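Read through the structure below, which is laid out as structure tokens, and then see the notes.
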Amino acid sequence: MKKAEIFIDGKKSFDLPIIIDTMGNQSVDIRNLRQQTGMITYDPGFGNTGSCQSQITYLDGEKGILRYRGYAIEDLVEHCDFIEVAYLLIHGYLPNKHERERYAELLNRHSLLHADMQSFFRRYPDHSHPMSILAAMVVSLSSFYEINLEEDPELQIDLTVTRLMSKMRTIAAFTYRKMKGTDFINPSYKYSYCANFLNMMFSSPVVPYEPNPTQIRAMNKLLILHADHEQNCSTTAVRLIGSAGGNLYSAVSGGICALWGPRHGGANQAVIEMLQQIHTDGSDVKQAIERAKDKNDPYRLMGFGHRVYKTYDPRAKIAREVCEEVLQDMGQRDPLLDIAEELEQAALSDDYFKEKNLYPNVDFYTGIIFRAMGIPTNMYTVMFALGRLPGWIAHWLEWHHDPFERIGRPRQLYMGPTSRVVPPIEERE
Ligand code: ACO
């Protein structure tokens with residue numbers, strides 16, 4: 001076995017095992033470091049920390065490679081729909097025709113929401129953010145669809161996975177209907193997964209509606225692009241909650257909360273708001289670039305930069321193509337797309353962005369597609385969550401079946417006061 005040797009103060013040395021992953025990347029195994037040396041490692045933001053061994057997603061940020069279970073994202077987007085990719089992530093292999101049909105049927109069967117849950121929606125204030133409703137509704141599923149692990153644990157987990165995959169789509173659509181103040185439209189056996197969602201969102205009792213095939217295809221592709229991204233912030237939250245023994249609904253609800261932030265999934269909403277602001281201010285792309293470079297200005301180019309990708313995000317490339325397809329199909333040209341393209345060109349030829357390897361990420365173009373489909377800005381991160389769901393589930397399951405599973409509990413470097421005595425209240429300043 002390969003080993004790394006560390007010297008402390010140039011004197012004592014310790015051997016640490018090196019683990020080589022299936023792609024040939026090496027990691028120093030520090031699990032016994034504290035026991036051997038009394039020391040821990042310091043890695044805020046976990047940029048150099050491997051928190052688990054995983055077989056789900058491979059990501060090479062330097063080369064711009066993304067694969068789910070070994071299949072390239074470009075291949076999956078071209079040849080599969082979202083349901084097949086969800087199945088792949090959750091079960092580890094692509095379904096055959098029979099399995100795919102059975103899975104679609106199962107998802108249809110479990111798509112309704114308990115009537116009492118429907119009444120929850122009506123109590124939310126009109127200005128609620130859809131992500132807060134989504135997180136609350138998903139954790140509420142634990143109350144309405146009890147997980148009885150005493151019976152047959154594996155069967156119960158399967159049922160929970162299916163319910164979550166199916167009902168979260170219904171919850172997402174109902175959240176939109178609540179915001180609009182219109183009646184809920186229940187899911188229908190007539191439609192596929194994405195068409196069903198669009199129908200629940202946009203159909204009306206007075207105007208005939210039929211989901212548009214280009215938009216169905218676009219939604220499938222977008223959900224696939226978002227379906228997993230290994231140990232990102234929200235997936236890490238899901239795994240951590242799972243590591244404490246938290247059930248799947250609670251772990252996914254935690255993942256939704258983590259995703260909401262503008263530095264993570266909330267960036268798709270922030271991108272459109274940024275593009276709209278640039279448009280309102282006279283489309284001055286140069287000014288936006290200068291502000292993003294100014295260290296005294298908190299302004300960042302939203303949809304740019306990534307912790308792992310140091311080249312063009314492969315998902316952004318596909319999202320840009322989907323964006324063109326959808327707008328072309330609708331016979332539209334969105335001024336925000338023109339600004340986005342100009343912004344991308346300006347950033348990619350600017351030294352600041354070049355030196356820091358800042359490229360468009362997945363969120364840069366997706367908002368323009370959602371906007372063209374009639375999805376309101378504050379629902380964009382909900383769309384991201386729908387896509388990410390199978391990834392979260394796959395990671396929760398992987399943790400659940402991991403023989404090394406332990407509760408996630410990092411250490412810290414304590415920098416506070418050493419030891420103090422509580423003074424009487426009269427003597428405190
Ligand atoms: N605009 C301007 N400067 C940037 C940007 C940006 N979008 N992103 C990073 N930088 C700069 C930082 O100011 C920093 O500069 P410095 O080294 O001079 O201090 C350097 O690049 C490194 O940035 P960090 O924030 O340290 O990089 P980190 O890996 O921690 O953050 C993140 C990555 C959060 C994605 C960051 O690039 C960002 O805030 N981007 C905008 C938000 C966004 O698009 N998020 C979506 C990410 S994809 C996803 O989650 C689905």
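The way I read the labels, and the way they are meant: chains A, B, ... in the order of the structure tokens, residue 1 as the first residue of every chain, and ligand 1 as the first ligand shown, with later ones counted on from there.
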*Using only C-alpha atoms, which residues sit within 10 Å of Leu413 of chain A once same-chain residues fewer than 2 positions away are excluded, as a PyMOL selection string?*
chain A and resi 40-42+411+415-416
_DSSP-assigned helix (DSSP H, G or I) members of segment 211-390 of chain A, reported as a PyMOL selection string_ = chain A and resi 213-226+233-243+248-260+267-280+285-293+314-330+335-348+351-355+363-372+377-390
*Quick one: residues within 6 Å of ligand 1, with only C-alpha atoms and all ligand atoms, as JSON, numbers by chain?*
{"A": [263, 264, 265, 267, 292, 293, 300, 301, 302, 303, 304, 305, 306, 307, 356, 361]}
_Those of segment 3-99 of chain A in DSSP strand (DSSP E or B), formatted as a count of residues only_ = 28
*Got a sec: who's within 8 Å of segment 252-256 of chain A, counting only C-alpha atoms, leaving out chain neighbours fewer than 5 positions off, as number ranges by chain?*
A: 131, 134-136, 138-139, 234-238, 241, 385, 389, 392-393
_Test item: residues at most 8 Å from Phe121 of chain A, only C-alpha atoms, excluding those fewer than 5 positions along its chain, as a list in words_ =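 Final neighbour list, sorted by chain and number: Ile133, Phe174, Thr175 and Lys178 of chain A.
The smallest atom-to-atom distance between His395 of chain A and any of A:Ile375, A:Ala244, A:Leu89, A:Ala72, using only C-alpha atoms, is found for A:Leu89.
Put simply, atom CA of Tyr309 of chain A is 28.1 Å away from atom CA of His279 of chain A.
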Polymer residues at most 10 Å from Leu240 of chain A, only C-alpha atoms, same-chain spacing of 6 or more positions, as a PDB file with C-alpha atoms, in the first residue's frame:
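To be explicit, this is the file written out as around27.pdb:
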ATOM      1  CA  SER A 234     -26.898  20.818  -0.252  1.00  0.00           C
ATOM      2  CA  GLY A 246     -32.506  11.582  10.034  1.00  0.00           C
ATOM      3  CA  ALA A 251     -32.665  15.127   5.061  1.00  0.00           C
ATOM      4  CA  GLY A 254     -32.466  20.227   4.895  1.00  0.00           C
ATOM      5  CA  GLY A 255     -30.954  19.946   1.414  1.00  0.00           C
ATOM      6  CA  TRP A 396     -28.776   9.442   1.413  1.00  0.00           C
ATOM      7  CA  TRP A 399     -24.699   6.760   3.266  1.00  0.00           C
ATOM      8  CA  ARG A 406     -20.514   7.394  11.211  1.00  0.00           C
ATOM      9  CA  ILE A 407     -22.219  10.556  12.329  1.00  0.00           C
ATOM     10  CA  GLY A 408     -20.711  13.570  10.519  1.00  0.00           C
ATOM     11  CA  ARG A 409     -19.010  15.719  13.106  1.00  0.00           C
TER      12      ARG A 409
END
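From atom CA of Ser111 of chain A back to atom CA of Leu164 of chain A, the distance works out to 8.9 Å.
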*Closest of A:Thr22, A:Ser349, A:Asn212, A:Asn357 to Met373 of chain A - atom-to-atom distances counting only C-alpha atoms*: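 When distances to Met373 of chain A are compared using only C-alpha atoms, the smallest one comes from A:Asn212.
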*Nearby residues (only C-alpha atoms) at most 10 Å from segment 65-68 of chain A, same-chain spacing under 4 positions excluded, as a VMD selection string*: chain A and resid 55 to 61 72 to 76 85 88 to 89 92 to 93 224 to 225 227 to 230 309 311 to 315 391
_Can you pull out the residues contacting Ser51 of chain A? Cut-off 10 Å, using only C-alpha atoms, and skip same-chain residues under 3 positions away; I want them as a ChimeraX atom specification._
/A:46,48,54,231,236,239,408,410
